[in-house]
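Asks: Quick one: structure below, then a few questions.
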Amino acid sequence: MLDMHLLWRHTARFALITTLTFMCAGGAQGSDAEPDAAYRDAQFLLRAAIRDTAGHGDDSARLDSLGQAYFRLARLNDAATVLRRAVAAQPRDHAAFATLGRIALWQGRTAEADSLLAAAGDAEGAPDDRYDAAIRRGDWKAAAGQAEAMNDAGRRELLQKLAGSEPYKLRDGRESGRVLFERAWPVPLVPVKVNGLSVLMAVDPGVPGLIVDPAVMRLQHLLPIAGESSVLWNGTRTGVKHAWVPRFEIAGMAMTDVPADVLPMRRYSLDVNPQGVTIGGIIGLAVLERFGATIDFKTQVLELRRPGVAYAPQGQRVTFERWGESELMIYGSVNGGRRMALQLGTGLPGAALGSAESVFDELSLKPSRVGNLIKGAGTFLQGRSWDAVPVPTIALGAVVRDRANGWSGVMSQGELWRYGARRDGLLGAEMFRNRRVTFDWAKQVLVFEGD
């Protein structure tokens, strides 16, 4: 008689192999254009890992390799499925715990992430993710203690200042507020008050926090904080100094003790507000996430609500992930090509998409011969100009933008792989024209209304 236990094991192995092969095949659909060498290498490693795992569905080392290969291509759910099998087979697989912890952190499962990252010990990437997690939940004391080991000693004094205060505290007042854009294109600009001074700022959840121009710092005698660090802005790492804003007001709502990064805005201002006043800074993620936030590109209004104020928009829902400390990522496709991880930002001037030249080459999209309206942003940020590229279509699930503008040269090859998983570009404000975009921070969902 056939051994039923043996039959079950063979059936389970066959199911696993079939499933893995199907998942790999699914990732190959889309554009026939050739990706860059690093992406091709990652695809090759995934195919090799699937071959090696065939017939060895209970081998933790092979499963670990397969899971890491899926992770490198930003196929996080596939990676998690395989890596859970790896740790079930080998409970001391610290590398698998580290990657599972990173996935849980990015997808907003913070308690699970803490447990997994603790189990990972000092496996590669785990200390970095524990540092990011501490900053994201406002455990400033723990973050300050880790800063030097994380090669972020330039932020230690700022983190210590945060630990000894009550930052981002919303003052008594209205439950919600609205502020009209001073300008919607090429980036949304709104009036705010910095320590009582009226200032025009860009709105961009693609930067980590509040950015102020050195002139604003001098005029309002903002407290300088020793140290320097870097922030990601429009696809480029940029060095910043630090300051402390006693009071920041937006849409009639005030918060106190707001940390800020100090970065000159004049050159950027010439690109995005050439006929107007100089921009005094950027309102980034750390401020916006303290509110229920809606950026209405159709009526050109920024709406903010205190936490707990009910609001239930009806529209297309798109899940986002939060990579690293502060980067909001959405999955979509460009020109009908493969699935791509795209960072959400609204400070990219005059375009819906920015990326590396190699990504546009893969998509067979070439620079336009038409003269660029905005020529200086790339030179200001990276020391070289960007090239304007027409983009036929960008799709974020059911949210689609046709006949969009793009910038080639926005991201370096290194930025495409910074977190060990592939990301492919940066979404700009043009992607959201004529739409209301509401952020559900708790569920990590964007709700799109309009077309």
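Convention: chains lettered A, B, ... in structure tokens order; per-chain residue numbering from 1; ligands numbered from 1 as shown.
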Please identify all polymer residues within 12 Å of Ala398 (chain A), counting only C-alpha atoms, omitting same-chain residues fewer than 5 positions from it, and present them as number ranges by chain.
Replies: A: 315-319, 331-333, 447-451
Asks: Please identify every residue of region 313-379 of chain A that has at least one atom no farther than 10 Å from an atom of region 199-212 of chain A, counting only C-alpha atoms, and for each give the shortest atom pair and the distance in Å to one decimal, arranged by chain then increasing number, as a tab-separated table.
Replies:
```
residue	atom	partner	partner_atom	distance
A:Glu325	CA	A:Pro208	CA	7.9
A:Ser326	CA	A:Pro208	CA	5.5
A:Glu327	CA	A:Gly206	CA	6.5
A:Leu328	CA	A:Gly206	CA	7.1
A:Met329	CA	A:Gly206	CA	9.6
A:Gln343	CA	A:Gly206	CA	7.3
A:Leu344	CA	A:Gly206	CA	5.8
A:Gly345	CA	A:Gly206	CA	4.0
A:Thr346	CA	A:Asp204	CA	4.7
A:Gly347	CA	A:Asp204	CA	5.0
A:Leu348	CA	A:Asp204	CA	8.5
```
Asks: Write the residues you've just listed into a file as a compact mmCIF listing (two decimals), in the first residue's frame, and include C-alpha atoms for each of them.
Replies:
```txt
# COMPACT_ATOMS: atom_id res chain seq x y z
CA GLU A 325 12.44 56.03 8.44
CA SER A 326 10.13 58.11 6.27
CA GLU A 327 9.77 57.12 2.63
CA LEU A 328 6.20 56.43 1.44
CA MET A 329 6.18 53.83 -1.33
CA GLN A 343 8.17 56.90 -3.76
CA LEU A 344 5.40 59.41 -3.10
CA GLY A 345 6.49 63.04 -3.19
CA THR A 346 4.82 66.26 -4.30
CA GLY A 347 7.90 68.48 -4.38
CA LEU A 348 9.20 67.18 -7.71
```
Asks: Between CA of Asn77 (chain A) and CA of Arg435 (chain A), what distance in Å does the model show, to one decimal?
Replies: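 Taking CA of Asn77 (chain A) and CA of Arg435 (chain A), their separation equals 29.2 Å.
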Asks: Can you tell me which residues surround region 383-395 of chain A at a distance of at most 7 Å, considering only C-alpha atoms, apart from same-chain residues fewer than 4 positions away, and format the answer as a list of chain:residue names?
Replies: A:Gly332, A:Ser333, A:Val334, A:Asn335, A:Leu365, A:Lys366, A:Pro367, A:Ser368, A:Asn372, A:Lys375, A:Gly376, A:Gly378, A:Thr379, A:Val399, A:Val400, A:Arg401, A:Asp402, A:Arg403, A:Ala404, A:Asn405, A:Gly406, A:Trp407, A:Ser408, A:Gly409, A:Val410
Asks: Include C-alpha atoms and write out the residues we just selected as a PDB file, in the first residue's frame.
Replies:
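That gives us part.pdb:
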```
ATOM      1  CA  GLY A 332       2.439  50.892  -9.866  1.00  0.00           C
ATOM      2  CA  SER A 333       3.457  50.558 -13.488  1.00  0.00           C
ATOM      3  CA  VAL A 334       4.765  52.949 -16.113  1.00  0.00           C
ATOM      4  CA  ASN A 335       3.834  52.674 -19.781  1.00  0.00           C
ATOM      5  CA  LEU A 365      11.175  56.478 -23.065  1.00  0.00           C
ATOM      6  CA  LYS A 366      13.553  59.076 -24.451  1.00  0.00           C
ATOM      7  CA  PRO A 367      14.125  62.755 -23.562  1.00  0.00           C
ATOM      8  CA  SER A 368      11.967  65.301 -25.320  1.00  0.00           C
ATOM      9  CA  ASN A 372      12.541  72.314 -20.458  1.00  0.00           C
ATOM     10  CA  LYS A 375      16.019  73.646 -15.950  1.00  0.00           C
ATOM     11  CA  GLY A 376      17.703  74.330 -12.651  1.00  0.00           C
ATOM     12  CA  GLY A 378      18.564  68.999 -11.120  1.00  0.00           C
ATOM     13  CA  THR A 379      21.621  71.254 -11.224  1.00  0.00           C
ATOM     14  CA  VAL A 399      -5.528  55.522 -10.506  1.00  0.00           C
ATOM     15  CA  VAL A 400      -4.101  56.413 -13.911  1.00  0.00           C
ATOM     16  CA  ARG A 401      -2.387  59.496 -15.345  1.00  0.00           C
ATOM     17  CA  ASP A 402      -2.011  59.745 -19.126  1.00  0.00           C
ATOM     18  CA  ARG A 403       0.330  62.002 -21.097  1.00  0.00           C
ATOM     19  CA  ALA A 404       2.484  62.905 -18.122  1.00  0.00           C
ATOM     20  CA  ASN A 405       5.812  64.665 -17.814  1.00  0.00           C
ATOM     21  CA  GLY A 406       8.909  62.962 -16.426  1.00  0.00           C
ATOM     22  CA  TRP A 407      12.432  63.864 -15.350  1.00  0.00           C
ATOM     23  CA  SER A 408      15.315  61.558 -16.232  1.00  0.00           C
ATOM     24  CA  GLY A 409      18.372  61.741 -13.963  1.00  0.00           C
ATOM     25  CA  VAL A 410      16.474  62.391 -10.721  1.00  0.00           C
TER      26      VAL A 410
END
```
Asks: Name all residues at most 9 Å from Met150 (chain A) (count only C-alpha atoms; drop same-chain ones fewer than 4 positions away) and give them as a PDB file with C-alpha atoms, in the first residue's frame.
Replies:
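File out-v7.pdb, as written:
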```pdb
ATOM      1  CA  PRO A 127      20.052  47.401  13.932  1.00  0.00           C
ATOM      2  CA  ASP A 128      19.204  49.934  11.187  1.00  0.00           C
ATOM      3  CA  TYR A 131      16.804  52.621  14.801  1.00  0.00           C
ATOM      4  CA  GLN A 146      21.850  54.285  18.797  1.00  0.00           C
TER       5      GLN A 146
END
```
